[in-house]
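Visitor: Before I ask anything, here is the structure I am working with.
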Amino acid sequence: MTSQTIDAAASGTWKLGDLPVRRIGFGAMRLPQTGEALVPDAVPRDRDQAIRVLRRAVELGVNHIDTAAFYFSPLRSANELINRALAPYPDDLVIATKVGQPRDPSGSWLPHATPAQLRGLVEENLRQLGRDHLDVVNLRIVGTDSIAERFGVLAELREAGLIRHLGLSNVLPHHLAEARAIAPVVCVQNMYGLGVRPDQDAFVRSCGEQGVAFVPFYAIAASGRQAGASDSDHQEVRVVARAHGVGPAQIRIAWTLHRGPHVLAIPGTGDPDHLTANVAAGALRLTDDELALLDSVHRRPQNG
């Protein structure tokens with residue numbers, strides 16, 4: 001498999017509302033630092049390297065970038081790196097961000113935003129990205145409580161023209177139903193992947209039936225979460241990877257995309273070689289036997 005020649009278009013497309021995106025996108029969480037993300041003492045990534053990765057992603061056909069104002073390390077902000085690398089933005093580029101729980105300048109997490117604070121978080125994303133509107137804003141929550149008041153604020157900002165489309169992150173099925181009664185929802189972002197949260201399988205299918213994109217995070221990192229993927233993987237994943245001449249991470253991406261045409265992958269990296277491999281995974285086609293083997297791993301009780 002010659003990953004250097006494979007474009008994100010090979011992964012197919014889906015529409016976030018009226019915005020067509022390639023099913024292989026790019027997650028910006030890993031850009032501002034090397035090593036673990038979302039920690040106060042993160043080591044800033046080389047600025048030029050981060051900018052090169054973003055520009056290369058677009059060259060490879062990626063037109064869906066996932067970011068957040070709380071993706072930052074000392075000296076580096078994902079949003080401002082995106083702005084520096086890609087503005088003026090290509091017409092077909094869709095930037096999705098999320099609001100809900102901010103971090104203070106030291107990198108420590110703050111309490112979840114109140115409804116009154118959400119507009120300020122949206123405006124901060126607008127400022128950092130240099131935009132007059134945001135393509136997609138996901139409301140990120142923790143817990144099972146009603147989201148109606150918070151989602152209602154974002155719906156009002158959508159009506160005001162500051163947001164084009166709305167999504168949800170880290171939610172349960174009843175949250176999606178509650179939000180859709182207020183305004184259209186184009187995507188759900190939840191932790192999910194091969195062997196990661198198999199309890200989400202029914203929700204993944206339900207989103208597809210409702211025409212809502214499902215955008216999993218940590219699909220490669222799995223239990224490594226913001227620390228990233230480990231060097232080891234299940235034997236079954238390695239067997240399938242060898243059969244295709246690729247690495248386990250690419251098989252994890254391919255398996256994710258096989259979960260349905262509405263499933264979008266947003267693998268993130270600060271490494272240009274990893275980026276090329278991740279994009280190329282959109283062209284992998286797994287056989288029924290390979291999918292059955294990988295599904296057995298998915299259903300197996302996991303540690304972590």
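By order in the structure tokens, chains are A, B, ...; within a chain, residues start at 1; ligands start at 1, following the order shown.
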Quick one: residues within 6 Å of region 71-80 of chain A, only C-alpha atoms counted, chain neighbours fewer than 4 positions away excluded, as number ranges by chain?
Guide: A: 29, 32-33, 42, 44, 128-129
Visitor: Which residues in region 178-237 of chain A does DSSP call strand (DSSP E)? List them as a list in words.
Guide: Cys187, Val188, Gln189, Ala213 and Phe214 of chain A
Visitor: How would the residues just picked look written out with N, CA and C atoms as a PDB file, in the first residue's frame?
Guide:
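As written to disk, part.pdb reads:
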ATOM      1  N   CYS A 187     -23.810  16.105  14.437  1.00  0.00           N
ATOM      2  CA  CYS A 187     -22.809  15.111  14.804  1.00  0.00           C
ATOM      3  C   CYS A 187     -22.804  14.849  16.299  1.00  0.00           C
ATOM      4  N   VAL A 188     -22.336  13.663  16.642  1.00  0.00           N
ATOM      5  CA  VAL A 188     -22.086  13.268  18.026  1.00  0.00           C
ATOM      6  C   VAL A 188     -20.637  12.826  18.120  1.00  0.00           C
ATOM      7  N   GLN A 189     -19.894  13.374  19.073  1.00  0.00           N
ATOM      8  CA  GLN A 189     -18.506  12.994  19.323  1.00  0.00           C
ATOM      9  C   GLN A 189     -18.440  12.268  20.657  1.00  0.00           C
ATOM     10  N   ALA A 213     -23.939  12.305  12.060  1.00  0.00           N
ATOM     11  CA  ALA A 213     -22.585  11.760  11.996  1.00  0.00           C
ATOM     12  C   ALA A 213     -22.132  11.335  13.382  1.00  0.00           C
ATOM     13  N   PHE A 214     -21.400  10.228  13.448  1.00  0.00           N
ATOM     14  CA  PHE A 214     -20.761   9.798  14.695  1.00  0.00           C
ATOM     15  C   PHE A 214     -19.271   9.975  14.511  1.00  0.00           C
TER      16      PHE A 214
END
Visitor: Got a sec: who's within 9 Å of Ser146 (chain A), counting only C-alpha atoms, leaving out chain neighbours fewer than 5 positions off, as a ChimeraX atom specification?
Guide: /A:174-175,178
Visitor: Write the residues you've just listed into a file as a PDB file, in the first residue's frame, and include all heavy atoms for each of them.
Guide:
ATOM      1  N   HIS A 174     -30.188   9.936  25.372  1.00  0.00           N
ATOM      2  CA  HIS A 174     -31.264  10.854  25.752  1.00  0.00           C
ATOM      3  C   HIS A 174     -30.853  12.312  25.564  1.00  0.00           C
ATOM      4  O   HIS A 174     -31.704  13.190  25.355  1.00  0.00           O
ATOM      5  CB  HIS A 174     -31.735  10.589  27.194  1.00  0.00           C
ATOM      6  CG  HIS A 174     -30.801  11.051  28.256  1.00  0.00           C
ATOM      7  ND1 HIS A 174     -29.829  10.233  28.809  1.00  0.00           N
ATOM      8  CD2 HIS A 174     -30.672  12.262  28.886  1.00  0.00           C
ATOM      9  CE1 HIS A 174     -29.164  10.906  29.734  1.00  0.00           C
ATOM     10  NE2 HIS A 174     -29.654  12.135  29.806  1.00  0.00           N
ATOM     11  N   HIS A 175     -29.553  12.590  25.611  1.00  0.00           N
ATOM     12  CA  HIS A 175     -29.097  13.953  25.347  1.00  0.00           C
ATOM     13  C   HIS A 175     -29.341  14.322  23.881  1.00  0.00           C
ATOM     14  O   HIS A 175     -29.726  15.456  23.571  1.00  0.00           O
ATOM     15  CB  HIS A 175     -27.603  14.091  25.655  1.00  0.00           C
ATOM     16  CG  HIS A 175     -27.267  14.021  27.104  1.00  0.00           C
ATOM     17  ND1 HIS A 175     -26.273  13.187  27.589  1.00  0.00           N
ATOM     18  CD2 HIS A 175     -27.775  14.669  28.182  1.00  0.00           C
ATOM     19  CE1 HIS A 175     -26.183  13.339  28.906  1.00  0.00           C
ATOM     20  NE2 HIS A 175     -27.089  14.231  29.286  1.00  0.00           N
ATOM     21  N   GLU A 178     -32.938  15.085  23.417  1.00  0.00           N
ATOM     22  CA  GLU A 178     -33.264  16.367  24.039  1.00  0.00           C
ATOM     23  C   GLU A 178     -32.791  17.530  23.159  1.00  0.00           C
ATOM     24  O   GLU A 178     -33.522  18.510  22.946  1.00  0.00           O
ATOM     25  CB  GLU A 178     -32.603  16.433  25.417  1.00  0.00           C
ATOM     26  CG  GLU A 178     -32.973  17.637  26.244  1.00  0.00           C
ATOM     27  CD  GLU A 178     -32.329  17.631  27.620  1.00  0.00           C
ATOM     28  OE1 GLU A 178     -31.219  17.058  27.762  1.00  0.00           O
ATOM     29  OE2 GLU A 178     -32.920  18.199  28.551  1.00  0.00           O
TER      30      GLU A 178
END
Visitor: Near region 251-257 of chain A, within 7 Å and counting only C-alpha atoms, which residues show up once chain neighbours fewer than 3 positions away are dropped, as a list in words?
Guide: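 Non-adjacent residues within range: Gly193, Leu194, Ala219, Ile220, Val237, Ala241, Gly247, Pro248, Gly260, Val263, Leu264, Ala265, Ala281, Gly282 and Leu284 of chain A.
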Visitor: Using N, CA, C and O atoms, can you write the selected residues to a file as a PDB file, in the first residue's frame?
Guide:
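Generated file (result06.pdb):
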ATOM      1  N   GLY A 193     -14.036   3.131  19.660  1.00  0.00           N
ATOM      2  CA  GLY A 193     -13.067   2.555  18.741  1.00  0.00           C
ATOM      3  C   GLY A 193     -13.046   1.048  18.890  1.00  0.00           C
ATOM      4  O   GLY A 193     -13.876   0.458  19.596  1.00  0.00           O
ATOM      5  N   LEU A 194     -12.109   0.421  18.234  1.00  0.00           N
ATOM      6  CA  LEU A 194     -11.961  -1.029  18.291  1.00  0.00           C
ATOM      7  C   LEU A 194     -11.600  -1.450  19.713  1.00  0.00           C
ATOM      8  O   LEU A 194     -10.533  -1.109  20.222  1.00  0.00           O
ATOM      9  N   ALA A 219     -10.012   6.801  19.002  1.00  0.00           N
ATOM     10  CA  ALA A 219     -10.212   5.561  18.253  1.00  0.00           C
ATOM     11  C   ALA A 219      -8.894   4.815  18.049  1.00  0.00           C
ATOM     12  O   ALA A 219      -8.893   3.588  17.923  1.00  0.00           O
ATOM     13  N   ILE A 220      -7.778   5.528  18.017  1.00  0.00           N
ATOM     14  CA  ILE A 220      -6.460   4.883  17.918  1.00  0.00           C
ATOM     15  C   ILE A 220      -5.843   4.732  19.295  1.00  0.00           C
ATOM     16  O   ILE A 220      -5.353   3.659  19.663  1.00  0.00           O
ATOM     17  N   VAL A 237      -5.276  -7.718  15.636  1.00  0.00           N
ATOM     18  CA  VAL A 237      -5.073  -6.462  14.908  1.00  0.00           C
ATOM     19  C   VAL A 237      -3.760  -6.506  14.145  1.00  0.00           C
ATOM     20  O   VAL A 237      -3.687  -6.082  12.979  1.00  0.00           O
ATOM     21  N   ALA A 241      -3.148  -6.236  10.115  1.00  0.00           N
ATOM     22  CA  ALA A 241      -2.233  -5.196   9.647  1.00  0.00           C
ATOM     23  C   ALA A 241      -1.168  -5.771   8.725  1.00  0.00           C
ATOM     24  O   ALA A 241      -0.871  -5.202   7.665  1.00  0.00           O
ATOM     25  N   GLY A 247       0.327  -0.559   9.508  1.00  0.00           N
ATOM     26  CA  GLY A 247       0.458  -0.661  10.954  1.00  0.00           C
ATOM     27  C   GLY A 247      -0.883  -0.836  11.631  1.00  0.00           C
ATOM     28  O   GLY A 247      -1.939  -0.587  11.041  1.00  0.00           O
ATOM     29  N   PRO A 248      -0.876  -1.241  12.906  1.00  0.00           N
ATOM     30  CA  PRO A 248      -2.126  -1.436  13.637  1.00  0.00           C
ATOM     31  C   PRO A 248      -3.004  -0.186  13.703  1.00  0.00           C
ATOM     32  O   PRO A 248      -4.229  -0.289  13.684  1.00  0.00           O
ATOM     33  N   GLY A 260     -19.976   2.291   9.638  1.00  0.00           N
ATOM     34  CA  GLY A 260     -21.117   2.902   8.960  1.00  0.00           C
ATOM     35  C   GLY A 260     -20.675   4.102   8.148  1.00  0.00           C
ATOM     36  O   GLY A 260     -19.669   4.739   8.474  1.00  0.00           O
ATOM     37  N   VAL A 263     -19.904   7.381  10.010  1.00  0.00           N
ATOM     38  CA  VAL A 263     -18.830   7.441  10.997  1.00  0.00           C
ATOM     39  C   VAL A 263     -17.629   8.161  10.382  1.00  0.00           C
ATOM     40  O   VAL A 263     -17.137   7.775   9.316  1.00  0.00           O
ATOM     41  N   LEU A 264     -17.164   9.193  11.061  1.00  0.00           N
ATOM     42  CA  LEU A 264     -16.042   9.999  10.597  1.00  0.00           C
ATOM     43  C   LEU A 264     -14.857   9.806  11.530  1.00  0.00           C
ATOM     44  O   LEU A 264     -15.032   9.777  12.750  1.00  0.00           O
ATOM     45  N   ALA A 265     -13.675   9.678  10.973  1.00  0.00           N
ATOM     46  CA  ALA A 265     -12.469   9.503  11.781  1.00  0.00           C
ATOM     47  C   ALA A 265     -11.713  10.828  11.867  1.00  0.00           C
ATOM     48  O   ALA A 265     -11.593  11.541  10.867  1.00  0.00           O
ATOM     49  N   ALA A 281      -5.243   5.280   5.497  1.00  0.00           N
ATOM     50  CA  ALA A 281      -6.115   4.246   6.055  1.00  0.00           C
ATOM     51  C   ALA A 281      -7.534   4.351   5.524  1.00  0.00           C
ATOM     52  O   ALA A 281      -8.289   3.374   5.543  1.00  0.00           O
ATOM     53  N   GLY A 282      -7.914   5.518   5.029  1.00  0.00           N
ATOM     54  CA  GLY A 282      -9.246   5.676   4.464  1.00  0.00           C
ATOM     55  C   GLY A 282      -9.482   4.861   3.217  1.00  0.00           C
ATOM     56  O   GLY A 282     -10.637   4.653   2.809  1.00  0.00           O
ATOM     57  N   LEU A 284      -8.325   1.679   2.941  1.00  0.00           N
ATOM     58  CA  LEU A 284      -8.299   0.252   3.281  1.00  0.00           C
ATOM     59  C   LEU A 284      -9.699  -0.335   3.236  1.00  0.00           C
ATOM     60  O   LEU A 284     -10.651   0.249   3.763  1.00  0.00           O
TER      61      LEU A 284
END
Visitor: Please identify all polymer residues within 9 Å of Asn278 (chain A), counting only C-alpha atoms, omitting same-chain residues fewer than 2 positions from it, and present them as a list in words.
Guide: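 Within the cut-off, the hits are Ser3, Ile24, Ala249, Gln250, Ile253, Pro267, Gly268, Thr269, Asp273, His274, Leu275, Thr276, Ala280, Ala281 and Gly282 of chain A.
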Visitor: As a ChimeraX atom specification, which residues of region 81-160 of chain A does DSSP assign to alpha helix (DSSP H)?
Guide: /A:81-86,115-129,148-159
Visitor: Mind pulling up the distance from CA of Leu139 (chain A) to CA of Thr97 (chain A)?
Guide: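 One can read the CA of Thr97 (chain A) to CA of Leu139 (chain A) distance as 9.0 Å.
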Visitor: Which one is closest to Arg164 (chain A): A:Val196, A:Leu293, A:Leu286, A:Leu19? Count only C-alpha atoms.
Guide: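 Residue with the minimum atom-to-atom distance to Arg164 (chain A): A:Leu19.
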Visitor: Using only C-alpha atoms, which protein or nucleic acid residues come within 10 Å of region 98-105 of chain A? Drop anything in the same chain fewer than 4 positions from it, and give the result as a PyMOL selection string.
Guide: chain A and resi 38-40+66-74+109-115+117-122+124-125+136-142+150+154+166-169+189
Visitor: My list of candidates is A:Leu162, A:Val297, A:Leu81, A:Val62. Which is closest to His234 (chain A) when distances are computed with only C-alpha atoms?
Guide: A:Val297
Visitor: Can you work out the spacing between CA of Gln210 (chain A) and CA of Arg158 (chain A) in Å, to one decimal?
Guide: 20.7 Å
